[in-house]
$ cat entry-v5.txt   # compact mmCIF, C-alpha atoms
# COMPACT_ATOMS: atom_id res chain seq x y z
CA MET E 1 -36.91 37.89 -55.88
CA ARG E 2 -36.97 36.27 -52.51
CA THR E 3 -34.34 36.86 -49.87
CA TRP E 4 -33.56 34.27 -47.26
CA GLY E 5 -32.90 34.72 -43.57
CA PRO E 6 -30.51 32.69 -41.40
CA SER E 7 -31.49 29.22 -40.26
CA VAL E 8 -33.07 29.03 -36.82
CA ALA E 9 -32.82 25.34 -35.99
CA LEU E 10 -30.85 22.27 -37.02
CA ALA E 11 -32.71 19.41 -38.67
CA ALA E 12 -31.74 15.76 -38.85
CA ALA E 13 -32.93 13.51 -41.65
CA LEU E 14 -32.20 9.83 -42.14
CA LEU E 15 -33.23 8.05 -45.31
CA LEU E 16 -32.48 4.37 -44.89
CA PRO E 17 -30.83 2.65 -47.87
CA LEU E 18 -33.17 1.47 -50.59
CA SER E 19 -32.47 -1.17 -53.19
CA THR E 20 -32.84 0.14 -56.73
CA PRO E 21 -33.74 -1.69 -59.94
CA ALA E 22 -30.89 -3.32 -61.78
CA THR E 23 -30.09 -1.24 -64.83
CA PRO E 24 -28.47 -2.55 -68.01
CA ALA E 25 -25.29 -0.92 -69.20
CA VAL E 26 -25.76 1.34 -72.20
CA ALA E 27 -23.98 0.08 -75.26
CA GLY E 28 -21.11 2.20 -76.49
CA THR E 29 -20.64 4.31 -73.38
CA ARG E 30 -17.52 2.69 -71.90
CA PRO E 31 -15.05 4.38 -74.30
CA GLY E 32 -16.25 7.76 -73.07
CA ALA E 33 -14.24 7.32 -69.90
CA ALA E 34 -11.05 8.08 -71.79
CA SER E 35 -12.37 11.34 -73.21
CA ALA E 36 -12.95 13.11 -69.92
CA ARG E 37 -10.80 14.44 -67.14
CA ARG E 38 -11.51 14.98 -63.49
CA LEU E 39 -10.30 18.21 -61.87
CA PRO E 40 -7.87 18.81 -60.33
CA GLY E 41 -6.99 15.25 -59.33
CA ALA E 42 -8.62 11.86 -59.57
CA ALA E 43 -11.96 12.93 -58.07
CA PRO E 44 -12.10 16.20 -56.15
CA PRO E 45 -15.08 16.21 -53.84
CA CYS E 46 -18.33 18.05 -54.39
CA PRO E 47 -19.22 20.76 -53.67
CA ASN E 48 -16.50 23.10 -54.91
CA VAL E 49 -17.27 25.43 -52.00
CA PRO E 50 -17.92 23.81 -48.59
CA ALA E 51 -21.56 24.00 -47.52
CA PRO E 52 -22.41 25.40 -44.08
CA ALA E 53 -22.31 22.95 -41.18
CA THR E 54 -26.07 23.36 -40.73
CA ARG E 55 -26.82 21.21 -43.74
CA PRO E 56 -28.89 18.22 -42.54
CA PRO E 57 -27.20 14.82 -42.78
CA GLN E 58 -28.76 12.40 -45.25
CA ALA E 59 -27.94 8.77 -45.88
CA PRO E 60 -28.67 8.06 -49.58
CA PRO E 61 -29.84 4.76 -51.03
CA ALA E 62 -27.20 2.12 -51.64
CA PRO E 63 -25.18 2.86 -54.79
CA ASP E 64 -26.09 0.93 -57.94
CA PRO E 65 -23.03 0.61 -60.20
CA ALA E 66 -25.19 0.00 -63.28
CA ALA E 67 -27.29 3.11 -62.67
CA ARG E 68 -24.20 5.22 -62.00
CA SER E 69 -22.74 4.41 -65.42
CA ILE E 70 -25.84 5.38 -67.39
CA GLY E 71 -24.76 7.93 -69.99
CA GLY E 72 -21.11 6.95 -69.89
CA ALA E 73 -18.49 5.48 -67.57
CA ALA E 74 -16.91 8.89 -66.94
CA LEU E 75 -20.09 10.02 -65.16
CA ASP E 76 -19.57 7.41 -62.43
CA THR E 77 -17.75 9.75 -60.08
CA THR E 78 -18.39 11.60 -56.85
CA GLY E 79 -16.25 14.49 -58.07
CA LEU E 80 -15.80 16.79 -61.05
CA VAL E 81 -15.73 15.49 -64.60
CA VAL E 82 -15.17 17.84 -67.58
CA PRO E 83 -13.91 17.52 -71.18
CA PRO E 84 -10.14 17.80 -71.69
CA ALA E 85 -10.51 21.07 -73.61
CA ALA E 86 -12.75 22.72 -71.01
CA THR E 87 -11.76 25.25 -68.41
CA ALA E 88 -12.45 24.62 -64.74
CA PRO E 89 -16.12 25.23 -63.89
CA PRO E 90 -17.10 28.04 -61.53
CA PRO E 91 -17.21 27.39 -57.79
CA VAL E 92 -20.72 26.69 -56.56
CA THR E 93 -22.10 25.30 -53.32
CA ALA E 94 -24.29 22.64 -54.97
CA THR E 95 -23.48 19.13 -53.80
CA SER E 96 -24.06 17.86 -57.34
CA TRP E 97 -24.76 19.36 -60.75
CA LEU E 98 -24.75 18.67 -64.48
CA VAL E 99 -24.73 20.69 -67.71
CA ALA E 100 -26.02 19.12 -70.92
CA ASP E 101 -27.12 20.01 -74.44
CA LEU E 102 -30.92 19.81 -74.72
CA ASP E 103 -30.81 19.01 -78.43
CA THR E 104 -27.88 16.62 -78.90
CA GLY E 105 -28.02 15.12 -75.41
CA ALA E 106 -24.28 15.63 -74.91
CA VAL E 107 -23.27 15.94 -71.25
CA LEU E 108 -20.73 18.77 -71.05
CA GLY E 109 -19.67 18.21 -67.47
CA GLY E 110 -20.82 17.65 -63.95
CA CYS E 111 -19.99 17.17 -60.33
CA GLY E 112 -21.23 13.94 -58.81
CA PRO E 113 -23.85 13.65 -61.58
CA HIS E 114 -25.16 10.32 -60.31
CA GLU E 115 -25.09 11.17 -56.62
CA TYR E 116 -28.45 10.90 -54.86
CA GLY E 117 -30.24 14.00 -53.61
CA ALA E 118 -33.70 15.10 -52.53
CA PRO E 119 -35.49 16.99 -55.34
CA ALA E 120 -37.77 19.53 -53.61
CA SER E 121 -39.97 21.30 -56.19
CA VAL E 122 -37.91 20.41 -59.25
CA GLN E 123 -39.81 17.12 -58.86
CA LYS E 124 -42.73 19.00 -60.41
CA LEU E 125 -40.89 18.61 -63.73
CA LEU E 126 -41.35 14.85 -63.50
CA LEU E 127 -45.04 15.45 -62.81
CA THR E 128 -45.11 17.70 -65.88
CA ALA E 129 -43.35 15.21 -68.15
CA THR E 130 -45.82 12.57 -67.02
CA MET E 131 -49.13 14.43 -67.02
CA LEU E 132 -48.83 17.16 -69.65
CA PRO E 133 -49.55 14.79 -72.56
CA ARG E 134 -52.48 13.20 -70.67
CA LEU E 135 -54.55 16.20 -69.63
CA ASP E 136 -56.64 18.49 -71.84
CA PRO E 137 -55.57 22.04 -70.94
CA ASN E 138 -59.03 23.42 -71.78
CA ARG E 139 -60.91 21.06 -69.48
CA GLU E 140 -62.47 22.74 -66.45
CA VAL E 141 -62.10 20.84 -63.18
CA THR E 142 -63.00 21.27 -59.52
CA VAL E 143 -60.31 21.54 -56.85
CA THR E 144 -60.97 19.14 -53.98
CA ALA E 145 -60.26 19.18 -50.25
CA GLY E 146 -57.55 16.58 -50.84
CA ASP E 147 -55.83 18.81 -53.38
CA VAL E 148 -55.48 21.71 -50.92
CA ALA E 149 -54.44 19.48 -48.00
CA ILE E 150 -50.80 20.50 -48.19
CA GLU E 151 -48.22 21.11 -45.49
CA PRO E 152 -49.01 24.38 -43.70
CA GLY E 153 -46.74 27.18 -44.87
CA SER E 154 -45.54 25.29 -47.94
CA SER E 155 -45.62 26.77 -51.42
CA ALA E 156 -49.14 27.38 -52.76
CA VAL E 157 -50.83 29.19 -55.63
CA GLY E 158 -54.02 29.99 -53.76
CA LEU E 159 -56.47 27.65 -55.51
CA ALA E 160 -59.72 27.41 -53.56
CA GLU E 161 -61.37 24.20 -52.47
CA GLY E 162 -64.48 23.81 -54.61
CA GLY E 163 -63.16 26.28 -57.18
CA ARG E 164 -63.51 25.59 -60.91
CA TYR E 165 -60.37 26.14 -62.99
CA ARG E 166 -59.09 25.25 -66.43
CA ILE E 167 -56.29 22.71 -66.31
CA GLU E 168 -54.05 25.22 -68.09
CA THR E 169 -54.51 27.60 -65.15
CA ILE E 170 -53.44 24.83 -62.78
CA TRP E 171 -50.35 24.15 -64.90
CA LEU E 172 -49.41 27.82 -64.71
CA GLY E 173 -49.88 27.75 -60.95
CA LEU E 174 -47.60 24.73 -60.76
CA LEU E 175 -44.80 26.06 -62.95
CA LEU E 176 -44.87 29.77 -62.07
CA LYS E 177 -45.60 29.65 -58.32
CA SER E 178 -44.68 26.03 -57.50
CA GLY E 179 -48.13 25.39 -56.06
CA ASN E 180 -48.27 22.18 -54.08
CA GLU E 181 -52.05 22.09 -54.30
CA ALA E 182 -51.71 22.38 -58.06
CA ALA E 183 -49.36 19.37 -58.02
CA ASN E 184 -51.87 17.33 -56.03
CA ALA E 185 -54.69 18.26 -58.41
CA LEU E 186 -52.73 17.40 -61.56
CA ALA E 187 -51.49 14.08 -60.14
CA ARG E 188 -55.04 13.18 -59.11
CA LEU E 189 -56.54 14.17 -62.46
CA GLY E 190 -53.94 12.21 -64.44
CA GLY E 191 -53.79 9.25 -62.09
CA GLY E 192 -56.79 7.37 -63.37
CA PRO E 193 -59.09 5.46 -61.00
CA ASP E 194 -56.50 5.54 -58.21
CA GLY E 195 -56.30 9.33 -58.23
CA LEU E 196 -53.21 10.85 -56.65
CA ALA E 197 -51.66 7.47 -55.81
CA GLY E 198 -52.08 6.45 -59.45
CA GLY E 199 -50.49 9.73 -60.49
CA VAL E 200 -47.40 9.05 -58.41
CA ARG E 201 -47.16 5.52 -59.82
CA ALA E 202 -47.35 7.02 -63.30
CA MET E 203 -44.53 9.45 -62.40
CA ASN E 204 -42.30 6.57 -61.33
CA ALA E 205 -43.11 4.62 -64.49
CA GLU E 206 -42.28 7.70 -66.56
CA ALA E 207 -38.96 8.12 -64.73
CA GLN E 208 -38.09 4.51 -65.61
CA HIS E 209 -39.09 5.06 -69.25
CA LEU E 210 -36.92 8.19 -69.51
CA GLY E 211 -33.92 6.32 -68.08
CA ALA E 212 -34.00 8.19 -64.76
CA ARG E 213 -33.22 5.04 -62.79
CA GLN E 214 -32.04 6.94 -59.71
CA THR E 215 -35.34 8.78 -59.33
CA HIS E 216 -38.23 7.72 -57.12
CA ALA E 217 -41.22 9.93 -56.34
CA VAL E 218 -43.28 9.69 -53.19
CA THR E 219 -45.09 13.03 -53.43
CA PRO E 220 -46.12 14.74 -56.68
CA SER E 221 -45.03 18.16 -55.40
CA GLY E 222 -41.53 17.35 -54.18
CA LEU E 223 -42.44 17.84 -50.51
CA ASP E 224 -40.06 15.56 -48.65
CA GLY E 225 -41.07 11.94 -48.19
CA PRO E 226 -39.22 8.81 -47.07
CA GLY E 227 -37.54 7.11 -50.01
CA GLN E 228 -37.84 10.07 -52.37
CA PHE E 229 -34.70 10.85 -54.35
CA THR E 230 -33.22 11.84 -57.68
CA SER E 231 -29.86 12.81 -59.24
CA ALA E 232 -28.51 15.67 -61.31
CA TYR E 233 -28.27 13.36 -64.32
CA ASP E 234 -31.85 12.16 -63.94
CA LEU E 235 -33.13 15.73 -63.67
CA ALA E 236 -31.49 16.53 -67.01
CA LEU E 237 -33.33 13.60 -68.62
CA ILE E 238 -36.61 14.78 -67.11
CA ALA E 239 -36.04 18.41 -68.11
CA ARG E 240 -35.23 17.36 -71.67
CA ALA E 241 -38.56 15.51 -71.86
CA CYS E 242 -40.35 18.61 -70.58
CA PHE E 243 -38.73 20.92 -73.13
CA HIS E 244 -39.84 18.52 -75.86
CA GLU E 245 -43.43 19.56 -75.09
CA PRO E 246 -44.57 22.83 -76.77
CA ALA E 247 -47.03 23.55 -73.96
CA PHE E 248 -44.26 23.34 -71.35
CA ARG E 249 -42.02 25.65 -73.36
CA ARG E 250 -44.85 28.17 -73.40
CA TYR E 251 -45.78 27.83 -69.74
CA THR E 252 -42.25 27.96 -68.38
CA VAL E 253 -41.48 31.36 -69.95
CA THR E 254 -44.81 32.92 -68.97
CA ARG E 255 -44.04 35.92 -66.73
CA THR E 256 -47.50 36.52 -65.28
CA ALA E 257 -50.85 34.76 -65.29
CA ARG E 258 -54.32 35.46 -63.94
CA VAL E 259 -56.14 33.04 -61.65
CA PRO E 260 -59.84 33.65 -62.23
CA ALA E 261 -62.36 34.70 -59.62
CA GLN E 262 -64.64 32.15 -57.99
CA PRO E 263 -67.89 34.05 -57.43
CA ALA E 264 -69.67 31.14 -55.74
CA LEU E 265 -66.89 31.04 -53.15
CA HIS E 266 -66.53 34.83 -52.89
CA GLU E 267 -62.95 34.54 -54.15
CA LYS E 268 -61.52 37.38 -56.23
CA ALA E 269 -59.25 36.98 -59.23
CA PHE E 270 -55.54 37.52 -58.66
CA GLN E 271 -52.28 37.56 -60.56
CA ILE E 272 -49.30 35.26 -60.16
CA GLN E 273 -45.75 35.88 -61.32
CA ASN E 274 -42.97 33.54 -62.36
CA ASP E 275 -40.52 32.74 -59.55
CA ASN E 276 -37.70 31.76 -61.93
CA MET E 277 -35.39 34.77 -61.82
CA LEU E 278 -33.25 33.36 -64.64
CA LEU E 279 -35.89 34.62 -67.06
CA ASP E 280 -35.34 38.24 -66.04
CA HIS E 281 -31.60 38.19 -65.47
CA TYR E 282 -30.06 35.78 -67.99
CA PRO E 283 -30.10 36.60 -71.72
CA GLY E 284 -31.48 33.69 -73.69
CA ALA E 285 -33.19 32.00 -70.74
CA ILE E 286 -35.91 29.60 -71.90
CA GLY E 287 -37.28 28.36 -68.59
CA GLY E 288 -36.72 26.15 -65.60
CA LYS E 289 -37.88 25.38 -62.07
CA THR E 290 -36.84 26.34 -58.55
CA GLY E 291 -37.10 24.27 -55.38
CA PHE E 292 -36.37 24.32 -51.66
CA THR E 293 -37.02 22.19 -48.59
CA ASP E 294 -35.07 21.88 -45.37
CA LEU E 295 -33.89 18.42 -46.42
CA ALA E 296 -33.17 19.09 -50.09
CA ARG E 297 -31.83 22.62 -49.57
CA HIS E 298 -31.93 24.68 -52.78
CA THR E 299 -32.47 22.81 -56.03
CA TYR E 300 -32.68 24.26 -59.51
CA VAL E 301 -33.18 23.34 -63.15
CA GLY E 302 -32.69 26.02 -65.80
CA ALA E 303 -32.15 26.25 -69.55
CA ALA E 304 -30.97 28.88 -72.00
CA GLU E 305 -30.22 29.32 -75.69
CA ARG E 306 -27.17 31.04 -77.15
CA GLY E 307 -25.86 30.93 -80.71
CA GLY E 308 -28.31 28.21 -81.71
CA ARG E 309 -27.23 26.04 -78.78
CA ARG E 310 -29.68 25.07 -75.99
CA LEU E 311 -28.18 24.00 -72.68
CA VAL E 312 -29.78 22.77 -69.46
CA VAL E 313 -28.27 22.89 -65.98
CA THR E 314 -29.40 20.88 -62.96
CA VAL E 315 -28.39 21.73 -59.39
CA LEU E 316 -28.99 19.78 -56.17
CA GLY E 317 -28.21 20.58 -52.53
CA ALA E 318 -27.11 24.18 -52.97
CA GLU E 319 -26.65 26.69 -50.15
CA ILE E 320 -26.96 30.42 -50.77
CA PRO E 321 -24.44 32.35 -48.72
CA THR E 322 -23.56 34.44 -51.79
CA GLN E 323 -25.49 33.00 -54.76
CA ARG E 324 -29.06 31.77 -55.08
CA GLY E 325 -29.80 28.52 -56.87
CA TRP E 326 -30.62 30.20 -60.17
CA GLN E 327 -27.45 32.28 -59.98
CA GLN E 328 -25.35 29.14 -59.51
CA GLY E 329 -27.20 27.66 -62.47
CA ALA E 330 -26.46 30.78 -64.52
CA ALA E 331 -22.75 30.56 -63.74
CA LEU E 332 -22.68 26.94 -64.82
CA LEU E 333 -24.59 27.76 -68.02
CA ASP E 334 -21.97 30.41 -68.83
CA TRP E 335 -19.31 27.76 -68.34
CA GLY E 336 -21.21 25.34 -70.58
CA PHE E 337 -21.60 27.84 -73.38
CA GLY E 338 -17.84 28.44 -73.19
CA THR E 339 -17.00 24.77 -73.86
CA PRO E 340 -16.27 23.61 -77.42
CA ARG E 341 -19.38 22.39 -79.25
CA ASP E 342 -17.93 18.92 -79.77
CA ALA E 343 -16.73 18.50 -76.18
CA LYS E 344 -18.56 16.05 -73.93
CA VAL E 345 -18.06 13.56 -71.11
CA GLY E 346 -21.17 11.47 -71.70
CA ARG E 347 -24.69 11.66 -73.05
CA LEU E 348 -28.32 11.75 -72.01
CA VAL E 349 -29.98 8.46 -72.91
CA GLU E 350 -33.10 8.60 -75.07
CA PRO E 351 -36.60 7.84 -73.72
CA GLY E 352 -37.21 4.08 -73.80
CA GLU E 353 -33.59 3.26 -74.62
CA LEU E 354 -32.97 1.37 -71.40
CA ASP E 355 -36.36 -0.34 -71.64
CA ARG E 356 -35.42 -1.78 -75.01
CA SER E 357 -32.09 -3.10 -73.77
CA ALA E 358 -33.53 -4.59 -70.57
CA ALA E 359 -35.12 -7.95 -70.02
CA PRO E 360 -38.95 -7.98 -70.15
CA ALA E 361 -40.53 -6.49 -67.03
CA THR E 362 -41.83 -9.04 -64.50
CA GLY E 363 -44.63 -6.80 -63.26
CA ALA E 364 -43.23 -6.59 -59.76
CA ALA E 365 -44.49 -3.60 -57.82
CA SER E 366 -42.24 -1.39 -55.74
CA ALA E 367 -43.01 -0.70 -52.10
CA LEU E 368 -41.64 1.84 -49.67
CA ALA E 369 -42.00 1.62 -45.93
CA GLY E 370 -45.07 3.59 -44.95
CA HIS E 371 -45.88 4.42 -48.57
CA ALA E 372 -46.60 1.08 -50.26
CA ASP E 373 -49.65 2.58 -51.95
CA LEU E 374 -47.47 5.12 -53.77
CA GLY E 375 -44.87 2.73 -55.16
CA GLY E 376 -44.48 0.86 -58.44
CA GLY E 377 -47.18 -0.37 -60.75
CA ALA E 378 -48.25 0.51 -64.24
CA ALA E 379 -48.69 4.00 -65.56
CA ALA E 380 -52.10 5.61 -65.76
CA PRO E 381 -53.81 5.68 -69.17
CA GLY E 382 -52.87 8.19 -71.84
CA ALA E 383 -49.38 7.60 -73.20
CA ARG E 384 -47.55 10.37 -75.04
CA PRO E 385 -48.43 10.28 -78.76
CA GLY E 386 -45.67 8.68 -80.84
CA ALA E 387 -43.51 7.88 -77.86
CA GLY E 388 -44.85 4.39 -77.12
CA LEU E 389 -46.09 3.11 -73.80
CA SER E 390 -44.00 3.46 -70.69
CA VAL E 391 -42.78 0.14 -69.36
CA ALA E 392 -43.75 -0.68 -65.80
CA VAL E 393 -41.03 -0.73 -63.22
CA GLY E 394 -39.44 -4.16 -63.39
CA ALA E 395 -37.77 -4.36 -60.02
CA VAL E 396 -38.57 -3.82 -56.39
CA LEU E 397 -37.48 -0.82 -54.33
CA VAL E 398 -37.48 -2.00 -50.72
CA ALA E 399 -37.03 0.31 -47.79
CA GLY E 400 -34.35 -0.77 -45.36
CA GLY E 401 -36.54 -0.02 -42.34
CA GLY E 402 -38.33 2.81 -40.64
CA VAL E 403 -37.49 6.38 -41.52
CA LEU E 404 -36.80 9.25 -39.17
CA LEU E 405 -37.37 12.70 -40.61
CA ALA E 406 -36.93 15.65 -38.27
CA ARG E 407 -37.45 18.92 -40.04
CA ARG E 408 -36.18 22.27 -38.96
CA ARG E 409 -38.31 25.38 -39.04
CA ARG E 410 -38.31 27.23 -42.31
CA HIS E 411 -36.20 30.29 -42.90
CA ALA E 412 -37.77 33.70 -42.46
CA ALA E 413 -38.04 35.68 -45.65
CA ALA E 414 -38.52 39.20 -46.87
CA ALA E 415 -40.53 40.29 -49.86
CA ALA E 416 -38.42 41.51 -52.74
CA MET E 417 -38.14 42.72 -56.32
CA SER E 418 -41.72 42.26 -57.51
CA THR E 419 -43.20 45.33 -59.12
CA GLY E 420 -46.51 43.65 -59.96
CA PRO E 421 -49.65 43.30 -57.84
CA VAL E 422 -49.44 41.74 -54.41
CA LEU E 423 -49.60 37.97 -54.80
CA ARG E 424 -51.66 35.52 -52.87
CA GLY E 425 -49.94 32.71 -51.07
CA SER E 426 -46.85 32.46 -48.92
CA LYS E 427 -43.94 34.83 -49.43
CA LEU E 428 -41.75 32.62 -47.28
CA PRO E 429 -39.07 30.39 -48.81
CA GLU E 430 -40.97 27.69 -50.63
CA GLU E 431 -40.88 24.45 -48.68
CA ASP E 432 -42.01 22.23 -51.45
$ encode --input "entry-v5.txt" --output "structure tokens"
Amino acid sequence: MRTWGPSVALAAALLLPLSTPATPAVAGTRPGAASARRLPGAAPPCPNVPAPATRPPQAPPAPDPAARSIGGAALDTTGLVVPPAATAPPPVTATSWLVADLDTGAVLGGCGPHEYGAPASVQKLLLTATMLPRLDPNREVTVTAGDVAIEPGSSAVGLAEGGRYRIETIWLGLLLKSGNEAANALARLGGGPDGLAGGVRAMNAEAQHLGARQTHAVTPSGLDGPGQFTSAYDLALIARACFHEPAFRRYTVTRTARVPAQPALHEKAFQIQNDNMLLDHYPGAIGGKTGFTDLARHTYVGAAERGGRRLVVTVLGAEIPTQRGWQQGAALLDWGFGTPRDAKVGRLVEPGELDRSAAPATGAASALAGHADLGGGAAAPGARPGAGLSVAVGAVLVAGGGVLLARRRRHAAAAAMSTGPVLRGSKLPEED
């Protein structure tokens, strides 16, 4: 387990408003507004517990009323929304969160579920949902200089430039240790002729196909970039797609893995361990993903099974004065398992559902200031078997102007709780 030191500098971050694609209303979701209640008044603000004043300011993209009502009208709130029969959820510091049933898609409750937030490394789940069906896990590939060109001090597995690894090893490095070089490699390998840029375009097309209309990727790893955002609701859609994949379910619960030696590079083999503490401390945990950057703060996606019921929790913008991100997720999972099985405030839309109800795509490409090469466009080859082809983004995301991103120095950290071999890579808080 990692422990986190106090912040040492204040960061400022300004994301100028972005226009988002118009999203059709989902048929049959309006009546859901009457079956939910907001606690304790009309719309109490998120978070339940005030975050420290050191949290960087962030101006989100302009609200899109159509996108905010995806999954049900009751989810269009900046505050708490829970079923009438539910108890009040536990206090957490997350600025937004959501709990949903992985199997039925029922949304059990949330706090600002459609509020924008920066994803940090939980963005790697979108990369996974996009690339896992495209890449042969047994294929051996070479890691390039571009793959390992990540932000100094950010989260890394320890893959070596010029090293030869099975794609499955790279997936384990991505999901266990949140390796940013692993993210670059997988996006490049699945991105077709355009490499990493094509991989990011494919991620954005996949987000559209899943119904995650408030999600836009700029980096495959979740390292902060101008115009990159998501929501707690969207993360639940993305996580549900991941858990549909048997390979992901296997990777995400793997406790340890071995990265092989690279004799030609004089690199020894080493072991990596899973950073998701939910697996070791929450009965029934079935996986998830951690994340942290100075802009995003602590983000978390986790899932567990109890009594034949599988729930997923998504957390954005959490601070950790008393509880880490996974601990806040665990508390919310406990709350979710305590709600009646038939209680809900909305639902997770199905992959392709919004595509089918929308007008035909016009083929317009999205563009972000300074990152036009990473926006919009069609997905790379290799659609998921039986799921149909992802529809290209049919609207334009336009940056409102230049973007100022001043980042504060990362927190200091202490090593903790690992009884296994010493791991390669940074032991500092992952800035991913």
$ axis_aligned_box --input "entry-v5.txt" --around "region 272-282 of chain E" --padding-each-side "5 Å" --output "lines of an AutoDock Vina configuration file"
center_x = -39.7
center_y = 35.0
center_z = -63.8
size_x = 29.2
size_y = 16.5
size_z = 18.4
$ closest_atom_pairs --input "entry-v5.txt" --of "region 145-217 of chain E" --to "region 251-261 of chain E" --cutoff "12 Å" --atoms "only C-alpha atoms" --output "tab-separated table"
residue	atom	partner	partner_atom	distance
E:Val157	CA	E:Val259	CA	8.9
E:Gly158	CA	E:Val259	CA	8.7
E:Leu159	CA	E:Val259	CA	8.2
E:Ala160	CA	E:Ala261	CA	9.8
E:Gly163	CA	E:Ala261	CA	8.8
E:Arg164	CA	E:Pro260	CA	9.0
E:Tyr165	CA	E:Pro260	CA	7.6
E:Arg166	CA	E:Pro260	CA	9.4
E:Ile167	CA	E:Val259	CA	11.3
E:Glu168	CA	E:Tyr251	CA	8.8
E:Thr169	CA	E:Val259	CA	6.7
E:Ile170	CA	E:Val259	CA	8.7
E:Trp171	CA	E:Tyr251	CA	7.6
E:Leu172	CA	E:Tyr251	CA	6.2
E:Gly173	CA	E:Val259	CA	8.2
E:Leu174	CA	E:Tyr251	CA	9.7
E:Leu175	CA	E:Thr252	CA	6.3
E:Leu176	CA	E:Thr252	CA	7.1
E:Lys177	CA	E:Thr256	CA	10.0
E:Ser178	CA	E:Thr252	CA	11.3
$ atom_distance --input "entry-v5.txt" --atom1 "CA of Arg188 (chain E)" --atom2 "CA of His209 (chain E)"
20.6 Å
$ atom_distance --input "entry-v5.txt" --atom1 "CA of Ala269 (chain E)" --atom2 "CA of Gly195 (chain E)"
27.8 Å
$ closest_residue --input "entry-v5.txt" --among "E:Leu333, E:Ala318, E:Ala241, E:Val349" --to "Ala285 (chain E)" --atoms "only C-alpha atoms"
E:Leu333
$ atom_distance --input "entry-v5.txt" --atom1 "CA of Leu75 (chain E)" --atom2 "CA of Arg310 (chain E)"
20.9 Å
$ residues_near_point --input "entry-v5.txt" --point "(-41.1, 15.4, -55.2)" --cutoff "7 Å" --atoms "all atoms listed in the file" --output "PyMOL selection string"
chain E and resi 119-121+123-124+217-224+228
$ closest_residue --input "entry-v5.txt" --among "E:Arg297, E:Lys289, E:Arg341, E:Arg213" --to "Asp355 (chain E)" --atoms "all atoms listed in the file"
E:Arg213
$ residues_around --input "entry-v5.txt" --residues "region 328-331 of chain E" --least-positions-apart "4" --cutoff "10 Å" --atoms "all atoms listed in the file" --output "ChimeraX atom specification"
/E:89-94,97-99,278,281-283,285,299-304,312-315,318-320,322-324,335-336
$ residues_near_point --input "entry-v5.txt" --point "(-19.9, 13.2, -63.5)" --cutoff "10 Å" --atoms "only C-alpha atoms" --output "number ranges by chain"
E: 36-38, 43, 68-69, 71-82, 96-99, 107-115, 232-233, 345-346
